[in-house]
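A.B. asks: I have a structure I would like to understand better, so I am pasting it below and will then ask my questions one at a time.
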Amino acid sequence: MPAKANPKHLVQGEPLPPLKSGILRLYSYRFCPFAHRARLVLAAKNIDYELVNISLSKKPEWYKTKNPMGATPCLEHDEKLVRDSVIVCEYLNDAYPGNNLWPDDPYKKALDRVLLDYFGSKISPPFIKATYHPPPSSDEDFLATFKKELVVLEEELQKRDSPFFFGERPGMVDFIMWPWFERWAILGDDFKREDYPVLLAWQGRMREDPAVQEAATPDEIYRDHFQKLTAKTPQDDY
């Protein structure tokens, strides 16, 4: 697996690193929550891979040949290219045996998919708005709606009555949602974790998971990055 240190983000004018036959490569951006999903699954599945960081504000010209959308993550393995965070995560789970991250029971798997669909449509968008734009405290309707959606997630975990959404250990459903919760530190006082005790306990357990620790970025780096982003002076490398 790659070293815990993040390699420098490649920018315009820099060449494509030579591909190595048989080596899985992940194109990522350190602060992209979608790319973070892929790094979590790679760590959870204990898959060896090469990490190539891409600056999303100054993308290398060749990156369009890997992902015409210009987004991360993108997975490359010999002649195979896989894009979109959920598809990348599902591909990794299917292609590499061991530590299945989906429930074996079809109905439980369906419930996890339904929850992730809800998360993607109702919770992920306001999380993105809150972390990529000025603090949301000026928008009371936004705050109320976002908090209401988080309560739904709180109640779902309580109903499942397990340490993680997946069960006794983190699974695909936990890893796909986790990147947004790792970024909680930048939301400010409007979103006190203590208001969501079940999610707070889940967050504590997630932070102890080896895959989460391997893919983690410290809170202070998140805060500094998003402050610079808000000031329109983004910084990729730390």
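For the structure tokens, the naming scheme is as follows: chains receive sequential letters (A, B, ...) according to their order of presentation, residues are indexed from 1 within each chain, and ligands are indexed from 1 in presentation order.
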Within 9 Å of range 217-223 of chain A, counting only C-alpha atoms, which residues qualify if same-chain residues fewer than 2 places away don't, as a PDB file with all heavy atoms, in the first residue's frame?
C.D. replies:
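Heads up, here's the output in around-v3.pdb:
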ATOM      1  N   ARG A  30      -6.423  14.908  -2.651  1.00  0.00           N
ATOM      2  CA  ARG A  30      -6.442  14.671  -1.208  1.00  0.00           C
ATOM      3  C   ARG A  30      -7.708  15.174  -0.535  1.00  0.00           C
ATOM      4  O   ARG A  30      -8.237  14.539   0.381  1.00  0.00           O
ATOM      5  CB  ARG A  30      -5.222  15.330  -0.554  1.00  0.00           C
ATOM      6  CG  ARG A  30      -5.159  15.064   0.950  1.00  0.00           C
ATOM      7  CD  ARG A  30      -3.901  15.631   1.557  1.00  0.00           C
ATOM      8  NE  ARG A  30      -3.779  15.217   2.953  1.00  0.00           N
ATOM      9  CZ  ARG A  30      -2.750  15.540   3.726  1.00  0.00           C
ATOM     10  NH1 ARG A  30      -1.753  16.246   3.239  1.00  0.00           N
ATOM     11  NH2 ARG A  30      -2.714  15.145   4.991  1.00  0.00           N
ATOM     12  N   PHE A  31      -8.234  16.314  -0.969  1.00  0.00           N
ATOM     13  CA  PHE A  31      -9.358  16.926  -0.278  1.00  0.00           C
ATOM     14  C   PHE A  31     -10.717  16.601  -0.906  1.00  0.00           C
ATOM     15  O   PHE A  31     -11.733  17.133  -0.486  1.00  0.00           O
ATOM     16  CB  PHE A  31      -9.146  18.443  -0.196  1.00  0.00           C
ATOM     17  CG  PHE A  31      -7.914  18.797   0.594  1.00  0.00           C
ATOM     18  CD1 PHE A  31      -6.748  19.183  -0.046  1.00  0.00           C
ATOM     19  CD2 PHE A  31      -7.916  18.698   1.975  1.00  0.00           C
ATOM     20  CE1 PHE A  31      -5.610  19.484   0.680  1.00  0.00           C
ATOM     21  CE2 PHE A  31      -6.775  18.999   2.706  1.00  0.00           C
ATOM     22  CZ  PHE A  31      -5.621  19.389   2.058  1.00  0.00           C
ATOM     23  N   GLU A 182     -15.559  12.970   8.388  1.00  0.00           N
ATOM     24  CA  GLU A 182     -14.190  13.318   8.755  1.00  0.00           C
ATOM     25  C   GLU A 182     -13.975  14.816   8.607  1.00  0.00           C
ATOM     26  O   GLU A 182     -13.127  15.405   9.299  1.00  0.00           O
ATOM     27  CB  GLU A 182     -13.185  12.554   7.883  1.00  0.00           C
ATOM     28  CG  GLU A 182     -11.744  12.800   8.311  1.00  0.00           C
ATOM     29  CD  GLU A 182     -10.738  11.865   7.650  1.00  0.00           C
ATOM     30  OE1 GLU A 182     -10.803  10.654   7.917  1.00  0.00           O
ATOM     31  OE2 GLU A 182      -9.904  12.364   6.863  1.00  0.00           O
ATOM     32  N   ARG A 183     -14.735  15.449   7.730  1.00  0.00           N
ATOM     33  CA  ARG A 183     -14.607  16.884   7.492  1.00  0.00           C
ATOM     34  C   ARG A 183     -15.479  17.719   8.418  1.00  0.00           C
ATOM     35  O   ARG A 183     -15.598  18.930   8.247  1.00  0.00           O
ATOM     36  CB  ARG A 183     -14.958  17.193   6.028  1.00  0.00           C
ATOM     37  CG  ARG A 183     -13.889  16.697   5.070  1.00  0.00           C
ATOM     38  CD  ARG A 183     -14.455  16.415   3.684  1.00  0.00           C
ATOM     39  NE  ARG A 183     -13.412  16.032   2.747  1.00  0.00           N
ATOM     40  CZ  ARG A 183     -12.815  14.828   2.715  1.00  0.00           C
ATOM     41  NH1 ARG A 183     -13.168  13.889   3.569  1.00  0.00           N
ATOM     42  NH2 ARG A 183     -11.876  14.562   1.829  1.00  0.00           N
ATOM     43  N   TRP A 184     -16.087  17.097   9.419  1.00  0.00           N
ATOM     44  CA  TRP A 184     -16.998  17.796  10.320  1.00  0.00           C
ATOM     45  C   TRP A 184     -16.327  18.992  10.994  1.00  0.00           C
ATOM     46  O   TRP A 184     -16.969  20.000  11.295  1.00  0.00           O
ATOM     47  CB  TRP A 184     -17.509  16.818  11.382  1.00  0.00           C
ATOM     48  CG  TRP A 184     -18.714  17.286  12.142  1.00  0.00           C
ATOM     49  CD1 TRP A 184     -18.797  18.359  12.981  1.00  0.00           C
ATOM     50  CD2 TRP A 184     -20.020  16.693  12.115  1.00  0.00           C
ATOM     51  NE1 TRP A 184     -20.069  18.475  13.506  1.00  0.00           N
ATOM     52  CE2 TRP A 184     -20.837  17.460  12.988  1.00  0.00           C
ATOM     53  CE3 TRP A 184     -20.564  15.601  11.468  1.00  0.00           C
ATOM     54  CZ2 TRP A 184     -22.182  17.147  13.210  1.00  0.00           C
ATOM     55  CZ3 TRP A 184     -21.903  15.294  11.698  1.00  0.00           C
ATOM     56  CH2 TRP A 184     -22.698  16.061  12.550  1.00  0.00           C
ATOM     57  N   ALA A 185     -15.027  18.908  11.224  1.00  0.00           N
ATOM     58  CA  ALA A 185     -14.305  19.955  11.952  1.00  0.00           C
ATOM     59  C   ALA A 185     -14.437  21.321  11.298  1.00  0.00           C
ATOM     60  O   ALA A 185     -14.315  22.348  11.979  1.00  0.00           O
ATOM     61  CB  ALA A 185     -12.830  19.584  12.064  1.00  0.00           C
ATOM     62  N   ILE A 186     -14.702  21.356   9.999  1.00  0.00           N
ATOM     63  CA  ILE A 186     -14.753  22.653   9.318  1.00  0.00           C
ATOM     64  C   ILE A 186     -16.158  23.241   9.278  1.00  0.00           C
ATOM     65  O   ILE A 186     -16.353  24.342   8.776  1.00  0.00           O
ATOM     66  CB  ILE A 186     -14.203  22.557   7.877  1.00  0.00           C
ATOM     67  CG1 ILE A 186     -15.040  21.597   7.045  1.00  0.00           C
ATOM     68  CG2 ILE A 186     -12.754  22.126   7.899  1.00  0.00           C
ATOM     69  CD1 ILE A 186     -14.584  21.494   5.624  1.00  0.00           C
ATOM     70  N   GLN A 213      -7.882   5.369   9.644  1.00  0.00           N
ATOM     71  CA  GLN A 213      -6.637   6.010  10.073  1.00  0.00           C
ATOM     72  C   GLN A 213      -5.635   6.115   8.932  1.00  0.00           C
ATOM     73  O   GLN A 213      -4.941   7.132   8.792  1.00  0.00           O
ATOM     74  CB  GLN A 213      -6.043   5.238  11.249  1.00  0.00           C
ATOM     75  CG  GLN A 213      -6.884   5.334  12.515  1.00  0.00           C
ATOM     76  CD  GLN A 213      -6.325   4.521  13.659  1.00  0.00           C
ATOM     77  OE1 GLN A 213      -5.340   3.796  13.507  1.00  0.00           O
ATOM     78  NE2 GLN A 213      -6.948   4.622  14.831  1.00  0.00           N
ATOM     79  N   GLU A 214      -5.572   5.077   8.095  1.00  0.00           N
ATOM     80  CA  GLU A 214      -4.620   5.102   6.980  1.00  0.00           C
ATOM     81  C   GLU A 214      -4.958   6.198   5.970  1.00  0.00           C
ATOM     82  O   GLU A 214      -4.066   6.831   5.397  1.00  0.00           O
ATOM     83  CB  GLU A 214      -4.600   3.752   6.279  1.00  0.00           C
ATOM     84  CG  GLU A 214      -3.618   3.697   5.119  1.00  0.00           C
ATOM     85  CD  GLU A 214      -3.548   2.322   4.481  1.00  0.00           C
ATOM     86  OE1 GLU A 214      -3.530   1.326   5.217  1.00  0.00           O
ATOM     87  OE2 GLU A 214      -3.510   2.263   3.242  1.00  0.00           O
ATOM     88  N   ALA A 215      -6.249   6.444   5.754  1.00  0.00           N
ATOM     89  CA  ALA A 215      -6.675   7.407   4.735  1.00  0.00           C
ATOM     90  C   ALA A 215      -6.968   8.792   5.304  1.00  0.00           C
ATOM     91  O   ALA A 215      -7.413   9.675   4.576  1.00  0.00           O
ATOM     92  CB  ALA A 215      -7.923   6.868   4.021  1.00  0.00           C
ATOM     93  N   HIS A 225      -7.112  24.250   4.828  1.00  0.00           N
ATOM     94  CA  HIS A 225      -7.420  24.123   3.407  1.00  0.00           C
ATOM     95  C   HIS A 225      -8.707  24.853   3.049  1.00  0.00           C
ATOM     96  O   HIS A 225      -8.755  25.598   2.050  1.00  0.00           O
ATOM     97  CB  HIS A 225      -7.541  22.649   3.029  1.00  0.00           C
ATOM     98  CG  HIS A 225      -8.029  22.426   1.637  1.00  0.00           C
ATOM     99  ND1 HIS A 225      -7.243  22.668   0.527  1.00  0.00           N
ATOM    100  CD2 HIS A 225      -9.232  22.011   1.158  1.00  0.00           C
ATOM    101  CE1 HIS A 225      -7.930  22.405  -0.564  1.00  0.00           C
ATOM    102  NE2 HIS A 225      -9.133  22.001  -0.211  1.00  0.00           N
ATOM    103  N   PHE A 226      -9.748  24.664   3.846  1.00  0.00           N
ATOM    104  CA  PHE A 226     -11.023  25.275   3.499  1.00  0.00           C
ATOM    105  C   PHE A 226     -11.050  26.772   3.777  1.00  0.00           C
ATOM    106  O   PHE A 226     -11.774  27.513   3.111  1.00  0.00           O
ATOM    107  CB  PHE A 226     -12.165  24.549   4.198  1.00  0.00           C
ATOM    108  CG  PHE A 226     -12.477  23.218   3.548  1.00  0.00           C
ATOM    109  CD1 PHE A 226     -12.083  22.038   4.134  1.00  0.00           C
ATOM    110  CD2 PHE A 226     -13.133  23.166   2.330  1.00  0.00           C
ATOM    111  CE1 PHE A 226     -12.334  20.815   3.522  1.00  0.00           C
ATOM    112  CE2 PHE A 226     -13.395  21.953   1.712  1.00  0.00           C
ATOM    113  CZ  PHE A 226     -12.997  20.775   2.309  1.00  0.00           C
ATOM    114  N   GLN A 227     -10.258  27.238   4.718  1.00  0.00           N
ATOM    115  CA  GLN A 227     -10.106  28.676   4.901  1.00  0.00           C
ATOM    116  C   GLN A 227      -9.461  29.298   3.668  1.00  0.00           C
ATOM    117  O   GLN A 227      -9.902  30.350   3.183  1.00  0.00           O
ATOM    118  CB  GLN A 227      -9.270  28.969   6.149  1.00  0.00           C
ATOM    119  CG  GLN A 227     -10.013  28.738   7.450  1.00  0.00           C
ATOM    120  CD  GLN A 227      -9.113  28.886   8.670  1.00  0.00           C
ATOM    121  OE1 GLN A 227      -7.906  29.134   8.544  1.00  0.00           O
ATOM    122  NE2 GLN A 227      -9.682  28.723   9.849  1.00  0.00           N
ATOM    123  N   LYS A 228      -8.445  28.641   3.155  1.00  0.00           N
ATOM    124  CA  LYS A 228      -7.788  29.140   1.945  1.00  0.00           C
ATOM    125  C   LYS A 228      -8.723  29.044   0.744  1.00  0.00           C
ATOM    126  O   LYS A 228      -8.726  29.921  -0.131  1.00  0.00           O
ATOM    127  CB  LYS A 228      -6.495  28.351   1.677  1.00  0.00           C
ATOM    128  CG  LYS A 228      -5.344  28.690   2.622  1.00  0.00           C
ATOM    129  CD  LYS A 228      -4.100  27.923   2.259  1.00  0.00           C
ATOM    130  CE  LYS A 228      -2.863  28.434   2.998  1.00  0.00           C
ATOM    131  NZ  LYS A 228      -2.943  28.235   4.432  1.00  0.00           N
ATOM    132  N   TYR A 238       0.421  19.923   1.493  1.00  0.00           N
ATOM    133  CA  TYR A 238       0.749  20.296   2.873  1.00  0.00           C
ATOM    134  C   TYR A 238       1.896  19.430   3.357  1.00  0.00           C
ATOM    135  O   TYR A 238       2.042  18.292   2.947  1.00  0.00           O
ATOM    136  CB  TYR A 238      -0.472  20.085   3.785  1.00  0.00           C
ATOM    137  CG  TYR A 238      -1.530  21.156   3.604  1.00  0.00           C
ATOM    138  CD1 TYR A 238      -2.417  21.097   2.527  1.00  0.00           C
ATOM    139  CD2 TYR A 238      -1.628  22.218   4.497  1.00  0.00           C
ATOM    140  CE1 TYR A 238      -3.372  22.090   2.362  1.00  0.00           C
ATOM    141  CE2 TYR A 238      -2.595  23.201   4.339  1.00  0.00           C
ATOM    142  CZ  TYR A 238      -3.466  23.126   3.264  1.00  0.00           C
ATOM    143  OH  TYR A 238      -4.426  24.110   3.081  1.00  0.00           O
TER     144      TYR A 238
END
A.B. asks: DSSP on the backbone: which residues in range 80-234 of chain A end up as alpha helix (DSSP H)? Give the answer as a PyMOL selection string.
C.D. replies: chain A and resi 85-95+106-118+124-132+140-160+172-182+197-207+210-214+219-230
A.B. asks: Go ahead and compute the interatomic distance for CA of Glu168 in chain A and CA of Phe181 in chain A, in Å to one decimal.
C.D. replies: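 Straight-line distance from CA of Glu168 in chain A to CA of Phe181 in chain A works out to 19.2 Å.
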A.B. asks: With only C-alpha atoms as the atoms that count, which of A:Val52, A:Met206, A:Glu156, A:Arg25 lies nearest to Val114 in chain A?
C.D. replies: A:Glu156
A.B. asks: I need the residue nearest Leu10 in chain A from this list: A:Asp84, A:Asp48, A:Glu194, A:Glu61. Use only C-alpha atoms for the distance.
C.D. replies: A:Glu61
A.B. asks: Can you build me a table of range 61-140 of chain A residues sitting at most 12 Å from range 13-18 of chain A, with the closest atom pair per residue and its distance in Å to one decimal, using only C-alpha atoms, sorted by chain and residue number, as JSON lines?
C.D. replies:
{"residue": "A:Glu61", "atom": "CA", "partner": "A:Gly13", "partner_atom": "CA", "distance": 6.9}
{"residue": "A:Trp62", "atom": "CA", "partner": "A:Leu16", "partner_atom": "CA", "distance": 6.8}
{"residue": "A:Tyr63", "atom": "CA", "partner": "A:Leu16", "partner_atom": "CA", "distance": 8.1}
{"residue": "A:Lys64", "atom": "CA", "partner": "A:Leu16", "partner_atom": "CA", "distance": 11.4}
{"residue": "A:Thr65", "atom": "CA", "partner": "A:Leu16", "partner_atom": "CA", "distance": 10.5}
{"residue": "A:Lys66", "atom": "CA", "partner": "A:Leu16", "partner_atom": "CA", "distance": 10.4}
{"residue": "A:Asp78", "atom": "CA", "partner": "A:Pro18", "partner_atom": "CA", "distance": 11.6}
